[in-house]
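Peer 1: Enclosed is the structure file data.txt (compact mmCIF, C-alpha atoms).
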# COMPACT_ATOMS: atom_id res chain seq x y z
CA MET A 300 -234.74 99.08 244.77
CA LYS A 301 -233.56 95.92 246.51
CA ILE A 302 -235.50 92.85 245.39
CA ALA A 303 -235.43 89.21 246.55
CA ILE A 304 -237.01 86.33 244.62
CA TYR A 305 -238.06 82.96 246.04
CA THR A 306 -238.51 80.27 243.40
CA LEU A 307 -240.44 77.03 243.66
CA GLY A 308 -240.80 74.27 241.11
CA CYS A 309 -239.20 73.21 237.87
CA LYS A 310 -236.21 74.28 235.81
CA VAL A 311 -238.44 76.51 233.70
CA ASN A 312 -239.33 78.50 236.80
CA GLN A 313 -235.64 78.69 237.72
CA TYR A 314 -234.85 79.90 234.22
CA GLU A 315 -237.55 82.54 234.33
CA THR A 316 -236.35 83.75 237.73
CA GLN A 317 -232.82 84.13 236.36
CA ALA A 318 -234.23 86.07 233.41
CA MET A 319 -236.20 88.37 235.72
CA GLU A 320 -233.07 88.96 237.81
CA ARG A 321 -231.17 90.02 234.69
CA LEU A 322 -233.99 92.31 233.57
CA LEU A 323 -234.19 93.87 237.03
CA ARG A 324 -230.44 94.52 237.11
CA GLU A 325 -230.64 96.12 233.67
CA ARG A 326 -233.27 98.50 235.09
CA GLY A 327 -230.95 99.48 237.95
CA HIS A 328 -232.29 97.28 240.74
CA GLU A 329 -230.24 95.17 243.16
CA ILE A 330 -230.94 91.47 243.69
CA VAL A 331 -230.49 90.32 247.29
CA ASP A 332 -230.92 87.03 249.13
CA LEU A 333 -234.30 86.14 250.56
CA ASN A 334 -233.02 86.43 254.13
CA GLN A 335 -231.86 90.01 253.57
CA ALA A 336 -233.86 93.22 253.95
CA ALA A 337 -235.42 94.22 250.64
CA ASP A 338 -237.91 96.72 249.26
CA ALA A 339 -239.80 94.02 247.38
CA TYR A 340 -240.12 90.24 247.56
CA VAL A 341 -241.31 88.02 244.72
CA VAL A 342 -242.57 84.43 245.05
CA ASN A 343 -242.33 82.63 241.71
CA SER A 344 -244.79 79.83 242.41
CA CYS A 345 -245.39 76.24 241.36
CA SER A 346 -248.72 74.43 241.21
CA VAL A 347 -247.82 70.93 240.12
CA THR A 348 -249.34 69.54 243.34
CA ALA A 349 -251.50 70.84 246.18
CA VAL A 350 -248.36 70.69 248.34
CA SER A 351 -246.71 73.14 245.92
CA ASP A 352 -249.62 75.54 246.42
CA GLN A 353 -249.21 75.23 250.18
CA LYS A 354 -245.49 76.00 249.98
CA SER A 355 -246.24 79.16 248.01
CA ARG A 356 -248.77 80.31 250.61
CA GLN A 357 -246.38 79.54 253.46
CA ALA A 358 -243.63 81.56 251.79
CA LEU A 359 -245.96 84.52 251.30
CA HIS A 360 -247.19 84.42 254.91
CA LYS A 361 -243.64 84.19 256.24
CA ILE A 362 -242.39 87.13 254.17
CA ARG A 363 -245.38 89.31 255.06
CA ARG A 364 -244.91 88.51 258.75
CA GLU A 365 -241.16 89.21 258.75
CA ARG A 366 -241.11 92.11 256.25
CA PRO A 367 -244.46 93.88 256.72
CA GLY A 368 -243.33 97.11 255.03
CA ALA A 369 -242.10 95.52 251.80
CA VAL A 370 -243.94 95.07 248.54
CA LEU A 371 -245.01 91.44 248.16
CA ALA A 372 -245.63 89.95 244.72
CA LEU A 373 -246.75 86.54 243.50
CA CYS A 374 -246.24 85.18 239.98
CA GLY A 375 -246.06 81.75 238.35
CA CYS A 376 -248.31 78.72 237.99
CA TYR A 377 -250.17 78.90 241.32
CA ALA A 378 -251.24 82.47 240.64
CA GLN A 379 -252.28 81.57 237.08
CA THR A 380 -254.47 78.62 238.04
CA HIS A 381 -255.96 79.72 241.38
CA ARG A 382 -256.95 83.35 241.00
CA SER A 383 -259.80 83.31 243.51
CA ASP A 384 -257.57 81.70 246.16
CA VAL A 385 -254.56 83.98 245.76
CA GLU A 386 -256.65 87.16 245.71
CA LYS A 387 -257.60 86.33 249.31
CA LEU A 388 -253.93 86.54 250.32
CA ASP A 389 -252.21 89.69 251.57
CA VAL A 390 -250.27 90.28 248.36
CA ASP A 391 -249.66 93.58 246.56
CA LEU A 392 -249.18 92.22 243.04
CA ILE A 393 -250.51 89.02 241.45
CA ALA A 394 -249.42 87.94 237.98
CA GLY A 395 -249.23 84.61 236.18
CA THR A 396 -246.84 82.79 233.86
CA GLY A 397 -246.57 85.30 231.01
CA ASP A 398 -245.08 88.72 230.23
CA ARG A 399 -242.22 88.80 232.70
CA ALA A 400 -241.05 92.21 231.49
CA GLY A 401 -244.54 93.59 232.10
CA PHE A 402 -244.55 92.01 235.55
CA ILE A 403 -241.33 93.85 236.41
CA ARG A 404 -242.83 97.19 235.36
CA LEU A 405 -245.90 96.47 237.49
CA LEU A 406 -243.64 95.61 240.43
CA GLU A 407 -242.01 99.02 240.11
CA ARG A 408 -245.44 100.70 240.04
CA SER A 409 -246.56 98.76 243.10
CA ALA A 410 -243.50 99.99 244.96
CA GLU A 411 -244.44 103.56 244.04
CA ASP A 412 -248.16 103.62 244.89
CA ARG A 413 -248.68 100.43 246.99
CA SER A 414 -251.92 99.68 245.14
CA ARG A 415 -253.07 96.05 244.87
CA ARG A 416 -252.99 94.67 241.34
CA THR A 417 -254.04 91.40 239.73
CA VAL A 418 -252.94 90.94 236.11
CA LEU A 419 -253.77 87.54 234.60
CA ASP A 420 -254.33 86.64 230.96
CA ARG A 421 -256.17 83.77 229.24
CA VAL A 422 -253.45 81.16 228.77
CA PHE A 423 -255.14 79.34 225.90
CA ASP A 424 -255.09 82.57 223.86
CA ARG A 425 -251.29 82.68 223.94
CA ARG A 426 -249.62 82.15 220.57
CA ALA A 427 -246.20 83.84 220.81
CA PHE A 428 -243.12 82.58 222.63
CA GLU A 429 -241.95 85.12 225.20
CA LEU A 430 -238.29 85.86 224.53
CA LEU A 431 -236.26 86.16 227.72
CA PRO A 432 -232.50 86.55 228.24
CA ALA A 433 -230.74 83.19 228.54
CA GLY A 434 -227.99 82.33 231.00
CA GLY A 435 -227.59 82.54 234.73
CA LEU A 436 -225.36 84.03 237.35
CA GLU A 437 -221.85 85.01 236.40
CA ASP A 438 -220.04 82.25 238.27
CA ARG A 439 -222.08 79.40 236.83
CA THR A 440 -220.66 76.85 234.45
CA ARG A 441 -224.01 75.66 233.13
CA ALA A 442 -226.68 77.81 231.50
CA MET A 443 -230.30 77.03 230.81
CA LEU A 444 -231.83 77.94 227.46
CA LYS A 445 -235.61 77.88 227.43
CA VAL A 446 -236.73 76.79 223.97
CA GLU A 447 -240.40 75.90 224.52
CA ASP A 448 -243.38 76.77 226.66
CA GLY A 449 -246.81 75.19 227.06
CA CYS A 450 -248.23 71.67 226.89
CA VAL A 451 -251.28 70.06 225.29
CA ASN A 452 -250.86 66.51 226.62
CA PHE A 453 -253.51 66.91 229.34
CA CYS A 454 -252.36 64.03 231.52
CA SER A 455 -255.15 63.19 233.93
CA TYR A 456 -253.12 64.14 237.03
CA CYS A 457 -251.62 67.40 235.76
CA ILE A 458 -252.80 71.00 235.87
CA ILE A 459 -249.84 72.52 234.01
CA PRO A 460 -251.58 72.90 230.59
CA TYR A 461 -254.00 75.25 232.35
CA ALA A 462 -251.08 77.20 233.82
CA ARG A 463 -248.95 77.42 230.68
CA GLY A 464 -251.28 77.20 227.69
CA PRO A 465 -250.54 75.77 224.24
CA VAL A 466 -247.12 74.92 222.80
CA ARG A 467 -244.97 77.90 221.76
CA SER A 468 -241.46 77.44 220.40
CA LEU A 469 -238.36 79.63 220.39
CA PRO A 470 -237.51 80.16 216.69
CA PRO A 471 -234.40 78.19 215.67
CA GLU A 472 -232.46 81.25 214.51
CA THR A 473 -233.05 82.90 217.90
CA ALA A 474 -232.03 79.71 219.71
CA ALA A 475 -228.80 79.69 217.70
CA GLU A 476 -228.15 83.35 218.52
CA GLN A 477 -228.72 82.81 222.23
CA ALA A 478 -226.59 79.64 222.29
CA ALA A 479 -223.72 81.46 220.57
CA GLY A 480 -224.05 84.26 223.12
CA LEU A 481 -223.85 81.83 226.01
CA ALA A 482 -220.74 80.23 224.51
CA ALA A 483 -219.14 83.66 224.09
CA ALA A 484 -219.97 84.46 227.74
CA GLY A 485 -217.92 81.46 228.86
CA TYR A 486 -220.56 78.87 229.67
CA ARG A 487 -219.34 75.34 229.06
CA GLU A 488 -222.73 73.61 229.04
CA ILE A 489 -226.19 74.57 227.78
CA VAL A 490 -229.33 72.81 229.03
CA LEU A 491 -232.31 72.95 226.66
CA THR A 492 -235.37 73.33 228.82
CA GLY A 493 -239.09 73.92 228.49
CA ILE A 494 -242.43 72.68 229.76
CA GLU A 495 -242.50 69.91 227.12
CA ILE A 496 -239.53 70.23 224.75
CA SER A 497 -240.53 67.13 222.78
CA SER A 498 -243.24 69.31 221.19
CA TRP A 499 -240.77 71.99 220.09
CA GLY A 500 -241.61 73.19 216.58
CA ALA A 501 -245.23 71.98 216.52
CA ASP A 502 -246.48 75.58 216.33
CA LEU A 503 -243.89 76.81 213.82
CA LYS A 504 -245.45 74.87 210.93
CA ASN A 505 -242.15 74.65 209.06
CA GLY A 506 -241.51 70.92 209.28
CA LEU A 507 -238.79 71.27 211.92
CA GLY A 508 -238.71 69.22 215.11
CA LEU A 509 -236.62 68.85 218.23
CA THR A 510 -233.78 67.00 216.50
CA ASP A 511 -233.37 69.92 214.09
CA LEU A 512 -233.20 72.32 217.04
CA ILE A 513 -230.56 70.21 218.79
CA GLU A 514 -228.39 70.19 215.66
CA THR A 515 -228.85 73.96 215.32
CA VAL A 516 -227.79 74.68 218.90
CA CYS A 517 -224.79 72.35 218.71
CA ALA A 518 -223.63 74.04 215.49
CA ALA A 519 -224.04 77.51 217.00
CA ALA A 520 -221.97 76.69 220.09
CA PRO A 521 -219.23 74.26 219.04
CA GLY A 522 -217.24 72.84 221.93
CA VAL A 523 -220.00 73.61 224.43
CA ARG A 524 -221.80 70.64 225.93
CA VAL A 525 -225.53 70.49 225.19
CA ARG A 526 -227.86 68.66 227.57
CA LEU A 527 -231.53 67.92 227.00
CA GLY A 528 -234.40 68.43 229.40
CA SER A 529 -237.16 65.88 229.94
CA LEU A 530 -238.32 64.04 226.82
CA GLU A 531 -241.46 62.16 225.88
CA PRO A 532 -240.77 58.59 224.67
CA ARG A 533 -242.20 59.39 221.21
CA THR A 534 -239.19 61.66 220.61
CA VAL A 535 -236.74 58.77 220.61
CA THR A 536 -236.81 57.29 217.12
CA GLU A 537 -234.16 55.72 214.91
CA ASP A 538 -233.69 59.06 213.16
CA PHE A 539 -233.40 60.96 216.46
CA CYS A 540 -230.77 58.56 217.78
CA ARG A 541 -228.76 58.40 214.56
CA ARG A 542 -228.56 62.17 214.19
CA CYS A 543 -227.97 62.90 217.88
CA ALA A 544 -225.25 60.26 218.18
CA ALA A 545 -223.35 62.13 215.45
CA LEU A 546 -223.17 65.27 217.65
CA PRO A 547 -219.97 65.12 219.75
CA ASP A 548 -221.13 67.82 222.18
CA LEU A 549 -224.52 66.30 223.01
CA CYS A 550 -224.53 64.77 226.49
CA PRO A 551 -225.64 61.11 226.52
CA GLN A 552 -228.11 61.63 229.34
CA PHE A 553 -231.77 61.22 228.44
CA HIS A 554 -234.59 61.82 230.89
CA LEU A 555 -237.57 59.88 229.54
CA SER A 556 -240.75 60.52 231.48
CA LEU A 557 -242.31 57.16 232.47
CA GLN A 558 -244.73 57.70 235.42
CA SER A 559 -245.87 54.05 235.38
CA GLY A 560 -244.66 50.73 234.01
CA CYS A 561 -248.19 49.34 233.69
CA ASP A 562 -250.28 49.87 230.55
CA GLU A 563 -253.59 50.02 232.43
CA THR A 564 -252.23 52.74 234.72
CA LEU A 565 -250.76 54.66 231.80
CA ARG A 566 -254.20 54.72 230.16
CA ARG A 567 -255.77 56.13 233.33
CA MET A 568 -252.99 58.73 233.38
CA ASN A 569 -253.83 59.63 229.76
CA ARG A 570 -250.19 59.17 228.79
CA LYS A 571 -249.59 58.93 225.05
CA TYR A 572 -247.54 55.71 224.97
CA ASP A 573 -247.51 52.18 226.33
CA THR A 574 -244.71 50.17 227.90
CA ALA A 575 -243.76 48.57 224.57
CA ARG A 576 -243.15 51.98 222.99
CA TYR A 577 -241.26 53.16 226.05
CA LEU A 578 -239.01 50.11 226.08
CA ARG A 579 -238.33 50.64 222.37
CA SER A 580 -237.02 54.13 223.22
CA VAL A 581 -234.69 52.76 225.91
CA GLU A 582 -233.39 50.07 223.56
CA LEU A 583 -232.73 52.59 220.79
CA LEU A 584 -230.73 54.82 223.14
CA ASN A 585 -228.65 51.91 224.39
CA ARG A 586 -227.98 50.80 220.83
CA HIS A 587 -226.82 54.17 219.52
CA PHE A 588 -224.98 55.57 222.57
CA ASP A 589 -222.21 54.11 224.73
CA ARG A 590 -223.75 53.44 228.16
CA PRO A 591 -226.16 56.40 228.10
CA ALA A 592 -227.68 57.54 231.37
CA VAL A 593 -231.41 56.94 230.93
CA THR A 594 -233.28 58.53 233.82
CA THR A 595 -236.97 58.85 234.60
CA ASP A 596 -239.84 59.88 236.89
CA LEU A 597 -242.26 57.45 238.53
CA ILE A 598 -245.56 58.01 240.34
CA THR A 599 -246.59 55.30 242.81
CA GLY A 600 -250.09 54.70 244.12
CA PHE A 601 -251.85 56.43 241.24
CA PRO A 602 -255.65 56.25 241.60
CA GLU A 603 -257.02 52.72 241.22
CA GLU A 604 -253.52 51.19 241.00
CA THR A 605 -253.73 47.58 242.23
CA GLU A 606 -250.91 45.62 243.80
CA ALA A 607 -250.65 43.53 240.62
CA GLU A 608 -250.33 46.69 238.51
CA PHE A 609 -247.59 48.01 240.76
CA GLU A 610 -245.75 44.69 240.55
CA ARG A 611 -245.81 45.05 236.76
CA THR A 612 -244.29 48.50 237.18
CA LEU A 613 -241.51 47.12 239.40
CA ALA A 614 -240.68 44.43 236.86
CA PHE A 615 -240.69 46.98 234.04
CA ILE A 616 -238.34 49.48 235.65
CA ARG A 617 -235.85 46.69 236.37
CA ARG A 618 -236.05 45.71 232.71
CA CYS A 619 -235.22 49.28 231.67
CA GLY A 620 -232.19 49.49 233.99
CA PHE A 621 -232.38 53.19 234.77
CA ALA A 622 -229.30 55.17 235.78
CA ARG A 623 -231.39 57.27 238.16
CA MET A 624 -235.04 57.62 239.09
CA HIS A 625 -237.14 60.32 240.74
CA ILE A 626 -239.97 58.59 242.59
CA PHE A 627 -243.06 60.32 243.97
CA PRO A 628 -246.07 58.94 245.82
CA TYR A 629 -249.15 60.21 243.98
CA SER A 630 -250.29 63.60 245.26
CA VAL A 631 -253.87 64.67 244.59
CA ARG A 632 -254.07 67.71 242.35
CA PRO A 633 -257.60 69.18 242.79
CA GLY A 634 -259.16 70.20 239.50
CA THR A 635 -257.77 67.26 237.51
CA PRO A 636 -259.62 64.10 236.38
CA ALA A 637 -257.37 61.92 238.56
CA ALA A 638 -258.59 63.71 241.68
CA GLU A 639 -262.08 62.33 240.99
CA MET A 640 -260.90 58.72 240.68
CA SER A 641 -260.84 56.15 243.49
CA GLN A 642 -257.79 56.98 245.59
CA VAL A 643 -255.14 54.58 246.88
CA PRO A 644 -254.51 55.05 250.64
CA LYS A 645 -251.58 57.35 251.38
CA ALA A 646 -249.78 54.68 253.37
CA VAL A 647 -249.91 52.34 250.38
CA ARG A 648 -248.63 55.06 248.05
CA ALA A 649 -245.68 55.66 250.38
CA GLU A 650 -244.94 51.95 250.83
CA ARG A 651 -244.88 51.42 247.07
CA ALA A 652 -242.62 54.45 246.66
CA ALA A 653 -240.18 52.89 249.14
CA ARG A 654 -240.16 49.60 247.23
CA ALA A 655 -239.60 51.37 243.94
CA ALA A 656 -236.82 53.44 245.52
CA ALA A 657 -235.07 50.27 246.66
CA ALA A 658 -235.11 48.93 243.11
CA ALA A 659 -233.89 52.31 241.84
CA GLU A 660 -230.96 52.26 244.28
CA GLU A 661 -229.90 48.85 243.01
CA MET A 662 -229.97 50.08 239.40
CA ARG A 663 -228.14 53.27 240.33
CA ALA A 664 -225.38 51.31 242.06
CA ALA A 665 -225.04 49.01 239.07
CA TYR A 666 -224.77 51.97 236.71
CA LEU A 667 -222.09 53.63 238.83
CA ARG A 668 -220.09 50.40 239.06
CA GLY A 669 -220.11 50.28 235.28
CA CYS A 670 -218.51 53.73 235.17
CA VAL A 671 -215.39 52.60 237.04
CA GLY A 672 -212.48 52.30 234.63
CA GLU A 673 -214.07 54.65 232.09
CA THR A 674 -212.61 58.03 231.13
CA TYR A 675 -214.96 61.02 231.02
CA SER A 676 -214.61 64.70 230.21
CA VAL A 677 -215.68 66.35 233.46
CA LEU A 678 -216.92 69.92 233.73
CA PHE A 679 -215.67 71.10 237.13
CA GLU A 680 -217.74 73.43 239.27
CA GLN A 681 -216.73 73.79 242.93
CA PRO A 682 -214.60 72.37 245.78
CA LYS A 683 -216.12 69.49 247.75
CA ARG A 684 -214.74 67.06 250.35
CA GLY A 685 -211.22 68.38 249.86
CA ARG A 686 -211.35 67.78 246.12
CA PHE A 687 -213.04 69.43 243.14
CA SER A 688 -216.55 68.43 242.08
CA GLY A 689 -217.90 68.36 238.55
CA HIS A 690 -220.18 66.42 236.25
CA ALA A 691 -219.49 63.91 233.51
CA PRO A 692 -221.51 64.06 230.29
CA ASN A 693 -223.85 61.43 231.78
CA TYR A 694 -224.52 63.95 234.60
CA THR A 695 -222.93 61.79 237.25
CA GLU A 696 -221.05 63.81 239.87
CA VAL A 697 -217.28 63.25 239.87
CA LEU A 698 -214.68 64.18 242.51
CA ALA A 699 -211.10 64.59 241.32
CA GLY A 700 -208.08 66.83 241.77
CA ALA A 701 -207.48 68.99 244.83
CA ALA A 702 -209.80 71.65 246.23
CA GLU A 703 -207.07 74.27 245.93
CA ALA A 704 -206.48 73.51 242.25
CA ASP A 705 -209.17 76.01 241.13
CA LEU A 706 -210.65 73.88 238.38
CA HIS A 707 -213.85 75.94 238.20
CA ASN A 708 -215.37 75.94 234.69
CA GLN A 709 -212.62 73.73 233.28
CA VAL A 710 -213.29 70.56 231.31
CA ARG A 711 -210.69 67.86 232.07
CA SER A 712 -210.34 64.19 231.24
CA VAL A 713 -210.83 62.02 234.31
CA ARG A 714 -210.29 58.28 234.67
CA ILE A 715 -212.87 56.92 237.11
CA THR A 716 -211.30 54.85 239.89
CA GLY A 717 -214.20 54.28 242.26
CA ALA A 718 -217.75 55.01 243.34
CA ASP A 719 -218.46 56.54 246.75
CA GLY A 720 -222.20 56.31 247.25
CA GLU A 721 -223.77 58.59 244.66
CA ILE A 722 -220.45 60.13 243.61
CA LEU A 723 -217.70 58.85 241.32
CA THR A 724 -214.05 59.47 242.17
CA GLY A 725 -211.23 59.64 239.72
CA GLU A 726 -207.83 60.88 238.58
CA ILE A 727 -207.29 63.79 236.21
CA LEU A 728 -205.34 62.76 233.13
CA GLU A 729 -202.81 64.99 231.44
CA ASP A 730 -204.27 66.33 228.20
Would you mind writing the structure in this file as structure tokens?
Peer 2:
Amino acid sequence: MKIAIYTLGCKVNQYETQAMERLLRERGHEIVDLNQAADAYVVNSCSVTAVSDQKSRQALHKIRRERPGAVLALCGCYAQTHRSDVEKLDVDLIAGTGDRAGFIRLLERSAEDRSRRTVLDRVFDRRAFELLPAGGLEDRTRAMLKVEDGCVNFCSYCIIPYARGPVRSLPPETAAEQAAGLAAAGYREIVLTGIEISSWGADLKNGLGLTDLIETVCAAAPGVRVRLGSLEPRTVTEDFCRRCAALPDLCPQFHLSLQSGCDETLRRMNRKYDTARYLRSVELLNRHFDRPAVTTDLITGFPEETEAEFERTLAFIRRCGFARMHIFPYSVRPGTPAAEMSQVPKAVRAERAARAAAAAEEMRAAYLRGCVGETYSVLFEQPKRGRFSGHAPNYTEVLAGAAEADLHNQVRSVRITGADGEILTGEILED
């Protein structure tokens, strides 16, 4: 059977799609592009915002219109959280965010009998981590390793705990086994991902935490770069920094979720830190690592945010000096406490996002200027602009060498000679 998968949302969804593709191939199926004729189409959905829900529906309508004879299946967060809505859609199979192997078997059955099926569990009853094959496509240099699922933070704007359930952790011995397998397969970088990896180990009840897992993965795959997914500020302690700085293969890029630089707004968001604790995390990283890339997310125009509160956020982000920011105007997520609060006009949300983006661009440019003259080990991936493109440990894109040099999946030392917009340029040094 020919199967195409359309994926929306976060890196966890991307990881789970890659795992499903591997499982499907192992069962004799062929994976094809979404624009090709297939026997079955799968939409792996996101539900982080109402816009995400809309994109999932649009994808389903488009596929059904263009491929009326194919099996159409929906899985992921939108299906898990909006059962009554998705059952109104013209979809053959509806499943949620768990039991991917079972979903594949149901997809095969749907192709055989064309019966409509809805299979959704109770997410808060989940206790076991679902083990899926790690890795990606054969030509990739970077592999994702999902080590955690679930979240119990219950931020006031977020529906994801209801889509993913409680925290479940990949056991450390299994993480080591999968990391070693990825290294043996030729991957040069492993990205530890999950819904909320800062909570890794909370369910294992063995005293281990995320720092222990990082050390375990690095030891299992020596010489392979290890990069961390998004972290909560509470993760960054003196002990975390001291132990992580001793790991030569850990990439000094740390994505610390911020969302707001105003304490009053953070309280309305039900975030579990204040700006003083966040700033402490940034300072610790800068003290223990050489020019780390500290990156973040920011929501502008959160319900009840005043102009004075936003100005405090602007001042705070400049104080942190981020290497890169992802900035989003607040998007109402129905079913969350924030949706019931007094809303900031959309135009104001957008205008504040533009002002924050301008500050972010200034900080980004300053960070890139500071990279000029440095030497980085660059993991090369593909030709671009007549040269070869790769990423430094700080996840900044670097152009060096010639396109015809075939540097794919090689790690080479590069002296940075300039910054061209968002991209660094440099010269490859002889090892």
Peer 1: Between A:Leu392, A:Val593, A:Ala400, A:Ile489, single out the one closest to Lys445 of chain A, counting all atoms listed in the file.
Peer 2: A:Ile489
Peer 1: For a quick check of understanding, using all atoms listed in the file, which of A:Glu696, A:Glu531, A:Glu488, A:Asp424 has the smallest distance to Phe553 of chain A?
Peer 2: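 Of A:Glu696, A:Glu531, A:Glu488, A:Asp424, the one nearest Phe553 of chain A, counting all atoms listed in the file, is A:Glu531.
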Peer 1: I'd like the interatomic distance between atom CA of Gly493 of chain A and atom CA of Glu537 of chain A, to a tenth of an Å.
Peer 2: 23.2 Å
Peer 1: In Å to one decimal, how far is atom CA of Thr306 of chain A from atom CA of Asp384 of chain A?
Peer 2: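 About the pair atom CA of Asp384 of chain A and atom CA of Thr306 of chain A: they are 19.3 Å apart.
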Peer 1: Each side padded by 5 Å, which centre and which edge lengths in Å (one decimal) define the axis-aligned box around the listed atoms of segment 340-352 of chain A? Give them as lines of an AutoDock Vina configuration file.
Peer 2:
center_x = -245.8
center_y = 79.9
center_z = 244.2
size_x = 21.4
size_y = 30.7
size_z = 18.2
Peer 1: Quick one: residues within 8 Å of segment 679-686 of chain A, all atoms listed in the file, excluding same-chain residues fewer than 2 positions away - as an mmCIF file with C-alpha atoms, in the frame of the given file?
Peer 2:
data_model
loop_
_atom_site.group_PDB
_atom_site.id
_atom_site.type_symbol
_atom_site.label_atom_id
_atom_site.label_comp_id
_atom_site.auth_asym_id
_atom_site.auth_seq_id
_atom_site.Cartn_x
_atom_site.Cartn_y
_atom_site.Cartn_z
ATOM 1 C CA ARG A 439 -222.080 79.400 236.830
ATOM 2 C CA THR A 440 -220.660 76.850 234.450
ATOM 3 C CA VAL A 677 -215.680 66.350 233.460
ATOM 4 C CA SER A 688 -216.550 68.430 242.080
ATOM 5 C CA GLY A 689 -217.900 68.360 238.550
ATOM 6 C CA HIS A 690 -220.180 66.420 236.250
ATOM 7 C CA LEU A 698 -214.680 64.180 242.510
ATOM 8 C CA ALA A 699 -211.100 64.590 241.320
ATOM 9 C CA GLY A 700 -208.080 66.830 241.770
ATOM 10 C CA ALA A 701 -207.480 68.990 244.830
ATOM 11 C CA ALA A 702 -209.800 71.650 246.230
ATOM 12 C CA GLU A 703 -207.070 74.270 245.930
ATOM 13 C CA LEU A 706 -210.650 73.880 238.380
ATOM 14 C CA HIS A 707 -213.850 75.940 238.200
ATOM 15 C CA ASN A 708 -215.370 75.940 234.690
ATOM 16 C CA GLN A 709 -212.620 73.730 233.280
ATOM 17 C CA VAL A 710 -213.290 70.560 231.310
ATOM 18 C CA ARG A 711 -210.690 67.860 232.070
#
Peer 1: Quick one: pull the distance between atom CA of Tyr572 of chain A and atom CA of Leu557 of chain A, Å, one decimal.
Peer 2: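 Rounded to one decimal, the two atoms are 9.3 Å apart.
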Peer 1: Can you pull out every residue within 9 Å of Arg415 of chain A, counting only C-alpha atoms, but drop anything in the same chain fewer than 2 positions away, and send it as a list in words?
Peer 2: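 Result of the neighbour search: Val390, Asp391, Leu392, Ile393, Ser409, Arg413 and Thr417 of chain A.
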Peer 1: Would you list the residues near (-239.8, 73.7, 243.1), meaning any protein, DNA or RNA residue with an atom at most 10 Å from that point in file coordinates, counting all atoms listed in the file, as a PyMOL selection string?
Peer 2: chain A and resi 305-313+343-347+351+354-355
Peer 1: So which one's closest to Thr595 of chain A, A:Gly500, A:Pro460, A:Pro532, A:Pro644? Using all atoms listed in the file, please.
Peer 2: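 Of A:Gly500, A:Pro460, A:Pro532, A:Pro644, the one nearest Thr595 of chain A is A:Pro532, counting all atoms listed in the file.
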Peer 1: Skipping near chain neighbours, those fewer than 3 positions away, what residues fall within 10 Å of Cys561 of chain A using only C-alpha atoms, listed as a list in words?
Peer 2: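 Answer for this query is Leu557, Gln558, Thr564, Leu565, Arg566, Asp573, Thr574, Glu604, Ala607, Glu608, Phe609, Glu610, Arg611, Thr612, Leu613, Ala614 and Phe615 of chain A.
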Peer 1: Considering all atoms listed in the file, state which residue in the set A:Ala339, A:Tyr675, A:Pro602, A:Asn693 is at the smallest distance from Ser712 of chain A.
Peer 2: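 Ranking A:Ala339, A:Tyr675, A:Pro602, A:Asn693 by distance to Ser712 of chain A, first place goes to A:Tyr675.
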Peer 1: Of the candidates A:Leu444, A:Cys457, A:Ala358, A:Ala394, which one gets nearest to Ile513 of chain A if we count only C-alpha atoms?
Peer 2: A:Leu444
Peer 1: Counting only C-alpha atoms, what is within 10 Å of Ala575 of chain A, bar same-chain residues fewer than 5 positions away, as a ChimeraX atom specification?
Peer 2: /A:560,562,580
Peer 1: Output C-alpha atoms for every residue in the selection just made, as a CSV table (one decimal), in the coordinates of the input.
Peer 2:
chain,number,residue,atom,x,y,z
A,560,GLY,CA,-244.7,50.7,234.0
A,562,ASP,CA,-250.3,49.9,230.6
A,580,SER,CA,-237.0,54.1,223.2
Peer 1: Using all atoms listed in the file, which of A:Thr724, A:Gln642, A:Ser676, A:Ser559 sits nearest Ile626 of chain A?
Peer 2: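 Distance minimum relative to Ile626 of chain A lands on A:Ser559.
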Peer 1: Can you list, as JSON, numbers by chain, every protein, DNA or RNA residue that comes within 7 Å of Gly725 of chain A when you count only C-alpha atoms, leaving out same-chain residues fewer than 3 positions away?
Peer 2: {"A": [698, 699, 713, 714, 715, 716, 717]}
